[in-house]
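Structure data follow from protein_27.pdb (PDB, C-alpha atoms, pLDDT in the B column):
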```pdb
MODEL        1
ATOM      1  CA  MET A  97       1.102 -54.219  31.152  1.00 61.00           C
ATOM      2  CA  PRO A  98      -0.075 -56.791  28.591  1.00 67.00           C
ATOM      3  CA  ASN A  99       0.419 -56.099  24.902  1.00 76.00           C
ATOM      4  CA  LEU A 100      -2.367 -54.525  22.911  1.00 87.00           C
ATOM      5  CA  THR A 101      -4.186 -56.497  20.282  1.00 87.00           C
ATOM      6  CA  ILE A 102      -3.710 -54.680  16.996  1.00 90.00           C
ATOM      7  CA  ALA A 103      -5.895 -55.753  14.098  1.00 87.00           C
ATOM      8  CA  ILE A 104      -5.045 -54.465  10.642  1.00 87.00           C
ATOM      9  CA  ASP A 105      -7.714 -54.753   7.989  1.00 80.00           C
ATOM     10  CA  GLY A 106      -8.368 -53.379   4.551  1.00 74.00           C
ATOM     11  CA  PRO A 107      -8.997 -54.350   0.947  1.00 65.00           C
ATOM     12  CA  ALA A 108      -6.984 -57.006  -0.873  1.00 59.00           C
ATOM     13  CA  GLY A 109      -3.607 -55.784  -2.026  1.00 62.00           C
ATOM     14  CA  SER A 110      -3.510 -52.811   0.352  1.00 72.00           C
ATOM     15  CA  GLY A 111      -0.380 -53.993   2.184  1.00 79.00           C
ATOM     16  CA  LYS A 112      -2.066 -55.286   5.349  1.00 82.00           C
ATOM     17  CA  SER A 113       0.260 -58.232   5.847  1.00 80.00           C
ATOM     18  CA  SER A 114       3.426 -56.283   5.109  1.00 83.00           C
ATOM     19  CA  VAL A 115       2.423 -53.502   7.490  1.00 90.00           C
ATOM     20  CA  ALA A 116       1.296 -55.971  10.168  1.00 90.00           C
ATOM     21  CA  ARG A 117       4.575 -57.897  10.016  1.00 87.00           C
ATOM     22  CA  ARG A 118       6.537 -54.630  10.258  1.00 92.00           C
ATOM     23  CA  VAL A 119       4.429 -53.355  13.190  1.00 94.00           C
ATOM     24  CA  ALA A 120       4.848 -56.682  15.006  1.00 90.00           C
ATOM     25  CA  ALA A 121       8.613 -56.537  14.520  1.00 89.00           C
ATOM     26  CA  MET A 122       8.835 -52.918  15.709  1.00 94.00           C
ATOM     27  CA  LEU A 123       6.759 -53.584  18.844  1.00 93.00           C
ATOM     28  CA  GLU A 124       8.195 -57.081  19.383  1.00 88.00           C
ATOM     29  CA  TYR A 125       4.663 -58.507  19.139  1.00 88.00           C
ATOM     30  CA  LEU A 126       3.568 -61.816  17.684  1.00 80.00           C
ATOM     31  CA  TYR A 127       2.285 -61.521  14.092  1.00 83.00           C
ATOM     32  CA  LEU A 128      -0.821 -63.631  13.539  1.00 83.00           C
ATOM     33  CA  ASP A 129      -2.511 -63.901  10.144  1.00 82.00           C
ATOM     34  CA  SER A 130      -6.060 -64.675  11.294  1.00 80.00           C
ATOM     35  CA  GLY A 131      -7.478 -64.341   7.773  1.00 79.00           C
ATOM     36  CA  ALA A 132      -5.272 -67.203   6.593  1.00 85.00           C
ATOM     37  CA  MET A 133      -6.454 -69.293   9.524  1.00 88.00           C
ATOM     38  CA  TYR A 134     -10.126 -68.647   8.702  1.00 83.00           C
ATOM     39  CA  ARG A 135      -9.545 -69.453   5.029  1.00 84.00           C
ATOM     40  CA  ALA A 136      -7.726 -72.679   5.943  1.00 90.00           C
ATOM     41  CA  LEU A 137     -10.634 -73.812   8.113  1.00 89.00           C
ATOM     42  CA  ALA A 138     -13.083 -72.864   5.341  1.00 84.00           C
ATOM     43  CA  LEU A 139     -11.033 -74.963   2.920  1.00 86.00           C
ATOM     44  CA  LYS A 140     -11.266 -77.948   5.269  1.00 90.00           C
ATOM     45  CA  ALA A 141     -15.015 -77.391   5.625  1.00 86.00           C
ATOM     46  CA  LEU A 142     -15.375 -77.432   1.835  1.00 81.00           C
ATOM     47  CA  ARG A 143     -13.373 -80.642   1.617  1.00 85.00           C
ATOM     48  CA  HIS A 144     -15.441 -82.511   4.244  1.00 85.00           C
ATOM     49  CA  PRO A 145     -18.172 -81.033   3.246  1.00 82.00           C
ATOM     50  CA  VAL A 146     -19.495 -78.888   6.069  1.00 81.00           C
ATOM     51  CA  ALA A 147     -21.703 -75.948   5.173  1.00 75.00           C
ATOM     52  CA  LEU A 148     -20.278 -72.679   6.450  1.00 67.00           C
ATOM     53  CA  GLU A 149     -23.662 -71.937   8.080  1.00 73.00           C
ATOM     54  CA  GLU A 150     -23.522 -75.095  10.258  1.00 80.00           C
ATOM     55  CA  GLU A 151     -21.915 -73.496  13.293  1.00 84.00           C
ATOM     56  CA  SER A 152     -21.844 -76.560  15.566  1.00 90.00           C
ATOM     57  CA  ARG A 153     -20.295 -78.781  12.876  1.00 90.00           C
ATOM     58  CA  LEU A 154     -17.782 -76.041  12.034  1.00 87.00           C
ATOM     59  CA  GLU A 155     -16.871 -75.711  15.702  1.00 89.00           C
ATOM     60  CA  ALA A 156     -16.293 -79.463  15.961  1.00 93.00           C
ATOM     61  CA  LEU A 157     -14.225 -79.391  12.756  1.00 92.00           C
ATOM     62  CA  ALA A 158     -12.141 -76.487  14.104  1.00 92.00           C
ATOM     63  CA  LYS A 159     -11.391 -78.407  17.321  1.00 94.00           C
ATOM     64  CA  GLU A 160      -9.909 -81.305  15.344  1.00 95.00           C
ATOM     65  CA  THR A 161      -7.960 -79.048  12.969  1.00 96.00           C
ATOM     66  CA  HIS A 162      -4.300 -78.096  13.222  1.00 96.00           C
ATOM     67  CA  ILE A 163      -3.371 -74.855  11.453  1.00 95.00           C
ATOM     68  CA  GLU A 164       0.223 -73.714  11.456  1.00 92.00           C
ATOM     69  CA  LEU A 165       1.620 -70.461  10.105  1.00 88.00           C
ATOM     70  CA  LYS A 166       5.275 -70.431   9.131  1.00 85.00           C
ATOM     71  CA  PRO A 167       7.305 -67.499   7.845  1.00 78.00           C
ATOM     72  CA  PRO A 168       8.106 -67.700   4.144  1.00 77.00           C
ATOM     73  CA  LYS A 169      11.596 -68.625   2.999  1.00 77.00           C
ATOM     74  CA  PRO A 170      13.636 -65.575   1.893  1.00 79.00           C
ATOM     75  CA  GLU A 171      13.084 -66.338  -1.804  1.00 80.00           C
ATOM     76  CA  GLN A 172       9.327 -66.738  -1.215  1.00 72.00           C
ATOM     77  CA  GLU A 173       9.178 -63.449   0.692  1.00 71.00           C
ATOM     78  CA  ALA A 174      11.123 -61.695  -2.075  1.00 72.00           C
ATOM     79  CA  ALA A 175       8.463 -62.940  -4.503  1.00 69.00           C
ATOM     80  CA  GLY A 176       5.744 -61.401  -2.312  1.00 65.00           C
ATOM     81  CA  ALA A 177       4.753 -64.479  -0.319  1.00 66.00           C
ATOM     82  CA  LYS A 178       3.161 -64.034   3.086  1.00 69.00           C
ATOM     83  CA  ASN A 179       3.105 -66.682   5.811  1.00 77.00           C
ATOM     84  CA  CYS A 180       3.045 -70.252   4.601  1.00 86.00           C
ATOM     85  CA  VAL A 181      -0.148 -71.917   5.822  1.00 91.00           C
ATOM     86  CA  PHE A 182      -0.288 -75.568   6.772  1.00 94.00           C
ATOM     87  CA  LEU A 183      -3.610 -77.325   7.308  1.00 95.00           C
ATOM     88  CA  ASP A 184      -3.233 -80.591   9.208  1.00 97.00           C
ATOM     89  CA  GLY A 185       0.383 -80.744   8.017  1.00 96.00           C
ATOM     90  CA  ALA A 186      -0.288 -79.991   4.324  1.00 95.00           C
ATOM     91  CA  ASP A 187       0.799 -76.718   2.712  1.00 92.00           C
ATOM     92  CA  VAL A 188      -2.390 -74.966   1.522  1.00 91.00           C
ATOM     93  CA  THR A 189      -0.874 -71.505   1.072  1.00 87.00           C
ATOM     94  CA  ARG A 190      -1.625 -71.162  -2.632  1.00 81.00           C
ATOM     95  CA  GLU A 191      -5.106 -72.644  -2.313  1.00 82.00           C
ATOM     96  CA  ILE A 192      -6.288 -70.029   0.172  1.00 84.00           C
ATOM     97  CA  ARG A 193      -4.539 -66.883  -1.052  1.00 75.00           C
ATOM     98  CA  THR A 194      -6.015 -65.718  -4.357  1.00 69.00           C
ATOM     99  CA  PRO A 195      -9.629 -65.374  -5.561  1.00 66.00           C
ATOM    100  CA  GLU A 196      -8.652 -66.838  -8.968  1.00 77.00           C
ATOM    101  CA  VAL A 197      -7.319 -70.023  -7.226  1.00 61.00           C
ATOM    102  CA  ARG A 198     -10.313 -70.155  -4.842  1.00 63.00           C
ATOM    103  CA  ALA A 199     -12.672 -69.743  -7.802  1.00 70.00           C
ATOM    104  CA  GLU A 200     -10.874 -72.433  -9.785  1.00 68.00           C
ATOM    105  CA  ARG A 201     -11.169 -74.895  -6.876  1.00 63.00           C
ATOM    106  CA  ARG A 202     -14.897 -74.163  -6.535  1.00 69.00           C
ATOM    107  CA  TRP A 203     -15.333 -74.432 -10.339  1.00 75.00           C
ATOM    108  CA  LYS A 204     -13.778 -77.915 -10.280  1.00 72.00           C
ATOM    109  CA  GLU A 205     -16.134 -78.917  -7.453  1.00 70.00           C
ATOM    110  CA  HIS A 206     -19.117 -77.756  -9.540  1.00 75.00           C
ATOM    111  CA  GLN A 207     -17.787 -79.683 -12.553  1.00 77.00           C
ATOM    112  CA  GLU A 208     -17.443 -82.871 -10.491  1.00 75.00           C
ATOM    113  CA  LYS A 209     -21.083 -82.509  -9.433  1.00 78.00           C
ATOM    114  CA  GLY A 210     -22.124 -82.144 -13.076  1.00 84.00           C
ATOM    115  CA  GLU A 211     -22.967 -78.471 -12.654  1.00 82.00           C
ATOM    116  CA  ARG A 212     -22.005 -76.498 -15.763  1.00 83.00           C
ATOM    117  CA  LEU A 213     -20.908 -73.096 -14.519  1.00 78.00           C
ATOM    118  CA  THR A 214     -18.240 -70.982 -16.164  1.00 80.00           C
ATOM    119  CA  LEU A 215     -15.125 -70.013 -14.246  1.00 74.00           C
ATOM    120  CA  ALA A 216     -16.312 -66.380 -14.413  1.00 79.00           C
ATOM    121  CA  GLU A 217     -19.623 -67.334 -12.780  1.00 80.00           C
ATOM    122  CA  VAL A 218     -17.820 -69.159  -9.989  1.00 75.00           C
ATOM    123  CA  PHE A 219     -15.441 -66.208  -9.523  1.00 77.00           C
ATOM    124  CA  ASP A 220     -18.511 -63.993  -9.049  1.00 80.00           C
ATOM    125  CA  GLU A 221     -19.808 -66.559  -6.523  1.00 78.00           C
ATOM    126  CA  VAL A 222     -16.555 -66.289  -4.527  1.00 72.00           C
ATOM    127  CA  ILE A 223     -16.762 -62.484  -4.548  1.00 76.00           C
ATOM    128  CA  GLU A 224     -20.397 -62.692  -3.385  1.00 78.00           C
ATOM    129  CA  ARG A 225     -19.391 -65.038  -0.547  1.00 73.00           C
ATOM    130  CA  ASP A 226     -16.774 -62.538   0.584  1.00 70.00           C
ATOM    131  CA  LYS A 227     -19.491 -59.841   0.559  1.00 75.00           C
ATOM    132  CA  ARG A 228     -21.764 -62.074   2.679  1.00 74.00           C
ATOM    133  CA  ASP A 229     -18.926 -62.497   5.180  1.00 70.00           C
ATOM    134  CA  ARG A 230     -18.900 -58.748   5.674  1.00 70.00           C
ATOM    135  CA  GLU A 231     -22.702 -58.538   5.988  1.00 76.00           C
ATOM    136  CA  ARG A 232     -23.558 -61.688   7.977  1.00 73.00           C
ATOM    137  CA  LYS A 233     -25.460 -61.441  11.291  1.00 74.00           C
ATOM    138  CA  VAL A 234     -23.063 -63.609  13.322  1.00 70.00           C
ATOM    139  CA  SER A 235     -19.556 -62.146  13.583  1.00 67.00           C
ATOM    140  CA  PRO A 236     -19.615 -59.948  10.484  1.00 70.00           C
ATOM    141  CA  LEU A 237     -16.390 -58.460   9.235  1.00 67.00           C
ATOM    142  CA  VAL A 238     -16.922 -54.911  10.513  1.00 71.00           C
ATOM    143  CA  ARG A 239     -14.772 -52.262  12.171  1.00 74.00           C
ATOM    144  CA  ALA A 240     -14.613 -52.517  15.971  1.00 77.00           C
ATOM    145  CA  ALA A 241     -16.070 -49.638  18.009  1.00 81.00           C
ATOM    146  CA  ASP A 242     -12.655 -48.681  19.417  1.00 82.00           C
ATOM    147  CA  ALA A 243     -10.820 -49.035  16.107  1.00 84.00           C
ATOM    148  CA  VAL A 244      -8.605 -46.262  14.791  1.00 88.00           C
ATOM    149  CA  LEU A 245      -8.991 -45.676  11.077  1.00 86.00           C
ATOM    150  CA  VAL A 246      -5.683 -45.098   9.316  1.00 88.00           C
ATOM    151  CA  ASP A 247      -5.962 -43.962   5.702  1.00 85.00           C
ATOM    152  CA  ASN A 248      -2.623 -44.955   4.233  1.00 85.00           C
ATOM    153  CA  THR A 249      -3.464 -44.128   0.631  1.00 82.00           C
ATOM    154  CA  ALA A 250      -0.494 -41.755   0.353  1.00 88.00           C
ATOM    155  CA  MET A 251       1.857 -43.707   2.649  1.00 89.00           C
ATOM    156  CA  GLY A 252       4.254 -46.551   2.121  1.00 88.00           C
ATOM    157  CA  ILE A 253       4.598 -49.643   4.290  1.00 90.00           C
ATOM    158  CA  GLU A 254       7.285 -48.216   6.573  1.00 94.00           C
ATOM    159  CA  GLU A 255       5.471 -44.907   7.118  1.00 95.00           C
ATOM    160  CA  THR A 256       2.192 -46.700   7.822  1.00 94.00           C
ATOM    161  CA  ALA A 257       3.893 -49.058  10.275  1.00 95.00           C
ATOM    162  CA  ARG A 258       5.561 -46.163  12.113  1.00 97.00           C
ATOM    163  CA  LEU A 259       2.197 -44.380  12.430  1.00 96.00           C
ATOM    164  CA  ILE A 260       0.523 -47.489  13.843  1.00 95.00           C
ATOM    165  CA  VAL A 261       3.387 -48.021  16.300  1.00 96.00           C
ATOM    166  CA  MET A 262       3.086 -44.388  17.438  1.00 96.00           C
ATOM    167  CA  LEU A 263      -0.689 -44.811  17.930  1.00 94.00           C
ATOM    168  CA  ALA A 264      -0.146 -48.079  19.827  1.00 94.00           C
ATOM    169  CA  ARG A 265       2.389 -46.493  22.173  1.00 93.00           C
ATOM    170  CA  GLU A 266      -0.003 -43.603  22.843  1.00 93.00           C
ATOM    171  CA  ARG A 267      -2.766 -46.096  23.634  1.00 91.00           C
ATOM    172  CA  GLU A 268      -0.466 -48.049  25.963  1.00 90.00           C
ATOM    173  CA  LYS A 269       0.298 -44.811  27.860  1.00 91.00           C
ATOM    174  CA  GLU A 270      -3.424 -44.009  28.152  1.00 89.00           C
ATOM    175  CA  LEU A 271      -4.166 -47.478  29.527  1.00 88.00           C
ATOM    176  CA  ALA A 272      -1.275 -47.247  31.961  1.00 88.00           C
ATOM    177  CA  GLU A 273      -2.556 -43.881  33.269  1.00 88.00           C
ATOM    178  CA  VAL A 274      -6.049 -45.300  33.749  1.00 86.00           C
ATOM    179  CA  ALA A 275      -4.590 -48.267  35.608  1.00 82.00           C
ATOM    180  CA  GLY A 276      -2.447 -45.916  37.688  1.00 79.00           C
ATOM    181  CA  GLY A 277       0.755 -47.622  36.620  1.00 62.00           C
ATOM    182  CA  GLN A 278       3.690 -47.016  34.369  1.00 56.00           C
ATOM    183  CA  PRO A 279       3.877 -48.078  30.706  1.00 51.00           C
TER     184      PRO A 279
ENDMDL
END
```

As a first step, turn the structure in this file into structure tokens.
Amino acid sequence: MPNLTIAIDGPAGSGKSSVARRVAAMLEYLYLDSGAMYRALALKALRHPVALEEESRLEALAKETHIELKPPKPEQEAAGAKNCVFLDGADVTREIRTPEVRAERRWKEHQEKGERLTLAEVFDEVIERDKRDRERKVSPLVRAADAVLVDNTAMGIEETARLIVMLAREREKELAEVAGGQP
């Protein structure tokens, strides 16, 4: 039976990446940080410049883009680093990870265009863009119909990962029964 696709989502700083890496290790699944990949492509679009609403140009840009995720070095992981993200061979990890850094990059772009916005105004712009991503008509960031909501407010990373693994194994058994096979 093929592996399940397990998507882990939640607010910034909620432990998504740590839990996802742990779940992947426990189930011997591949860990894929899709958010980092989307942010890397968005960074390239900003650099070229391609408006994020121009779907055909974005698609063409994505086809010519090489994004690579590499595990952090032990010292980077100890400092809280997630996957290192390379965009067309260049390390863009820091540029895509934090709203303060994203806002600073956008602020510099506004300055270069002669637009006099404060860093706080640009930070608000970044937050608003993230909100639009959740509310957009095409591929909004919303919970899938078959998603299982796990409230891990009172759980640590290991406990959350074990719960997700248990739920995944139950789902695998259900799918195997439907298919008339063994898990």

*Find the residues near A:Ala240: any atom within 12 Å, counting all atoms listed in the file, skip ones fewer than 6 places away on the same chain, and give them as a list in words.*
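The residues that qualify are Thr101, Ile102, Ala103, Ile104 and Asp105 of chain A.
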
So which residues get picked by the PyMOL selection byres ((chain A and resi 161) around 10) here, written as a tab-separated table (two decimals) with C-alpha atoms, in the coordinates of the input?
```tsv
chain	number	residue	atom	x	y	z
A	136	ALA	CA	-7.73	-72.68	5.94
A	137	LEU	CA	-10.63	-73.81	8.11
A	140	LYS	CA	-11.27	-77.95	5.27
A	155	GLU	CA	-16.87	-75.71	15.70
A	156	ALA	CA	-16.29	-79.46	15.96
A	157	LEU	CA	-14.22	-79.39	12.76
A	158	ALA	CA	-12.14	-76.49	14.10
A	159	LYS	CA	-11.39	-78.41	17.32
A	160	GLU	CA	-9.91	-81.31	15.34
A	162	HIS	CA	-4.30	-78.10	13.22
A	163	ILE	CA	-3.37	-74.86	11.45
A	164	GLU	CA	0.22	-73.71	11.46
A	183	LEU	CA	-3.61	-77.32	7.31
A	184	ASP	CA	-3.23	-80.59	9.21
A	185	GLY	CA	0.38	-80.74	8.02
```

Pairwise distance, atom CA of A:Val188 with atom CA of A:Lys169, equals 15.4 Å

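The space between atom CA of A:Thr249 and atom CA of A:Ser113 spans 15.5 Å.
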
re atom CA of A:Glu224 and atom CA of A:Val181: distance 24.1 Å

- Written as a PyMOL selection string, which residues does the PyMOL selection byres ((chain A and resi 114) around 12) give for the file shown? chain A and resi 104-105+109-113+115-121+127-129+173-174+176-179+252-257

Min atom-atom distance to A:Glu151 from the set A:Ala138, A:Ser130, A:Thr214, A:Lys269, counting only C-alpha atoms, belongs to A:Ala138

>> For a quick check of understanding, using all atoms listed in the file, which of A:Glu266, A:Arg190, A:Phe219, A:Gly106 has the smallest distance to A:Trp203?
In response: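 Closest residue, counting all atoms listed in the file: A:Phe219.
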
If you count all atoms listed in the file, the residue of A:Val234, A:Ile192, A:Glu273, A:Pro168 closest to A:Glu150 turns out to be A:Val234

Place N, CA and C atoms on stretch 161-173 of chain A and deliver the coordinates as a short mmCIF file (atom, residue, chain, number, x, y, z; two decimals), in the coordinates of the input.
```cif
data_model
loop_
_atom_site.label_atom_id
_atom_site.label_comp_id
_atom_site.auth_asym_id
_atom_site.auth_seq_id
_atom_site.Cartn_x
_atom_site.Cartn_y
_atom_site.Cartn_z
N THR A 161 -8.80 -79.58 14.04
CA THR A 161 -7.96 -79.05 12.97
C THR A 161 -6.68 -78.44 13.53
N HIS A 162 -5.58 -78.70 12.85
CA HIS A 162 -4.30 -78.10 13.22
C HIS A 162 -3.88 -77.15 12.10
N ILE A 163 -3.80 -75.86 12.42
CA ILE A 163 -3.37 -74.86 11.45
C ILE A 163 -2.06 -74.26 11.96
N GLU A 164 -1.09 -74.25 11.09
CA GLU A 164 0.22 -73.71 11.46
C GLU A 164 0.63 -72.66 10.44
N LEU A 165 1.11 -71.53 10.95
CA LEU A 165 1.62 -70.46 10.10
C LEU A 165 3.13 -70.44 10.24
N LYS A 166 3.82 -70.47 9.12
CA LYS A 166 5.28 -70.43 9.13
C LYS A 166 5.74 -69.26 8.27
N PRO A 167 6.82 -68.60 8.69
CA PRO A 167 7.30 -67.50 7.84
C PRO A 167 7.79 -68.04 6.51
N PRO A 168 7.64 -67.23 5.46
CA PRO A 168 8.11 -67.70 4.14
C PRO A 168 9.63 -67.75 4.10
N LYS A 169 10.16 -68.59 3.23
CA LYS A 169 11.60 -68.62 3.00
C LYS A 169 11.98 -67.31 2.33
N PRO A 170 13.24 -66.88 2.46
CA PRO A 170 13.64 -65.58 1.89
C PRO A 170 13.26 -65.40 0.42
N GLU A 171 13.43 -66.45 -0.38
CA GLU A 171 13.08 -66.34 -1.80
C GLU A 171 11.57 -66.21 -2.01
N GLN A 172 10.79 -66.86 -1.13
CA GLN A 172 9.33 -66.74 -1.22
C GLN A 172 8.90 -65.33 -0.82
N GLU A 173 9.52 -64.80 0.25
CA GLU A 173 9.18 -63.45 0.69
C GLU A 173 9.55 -62.41 -0.36
#
```
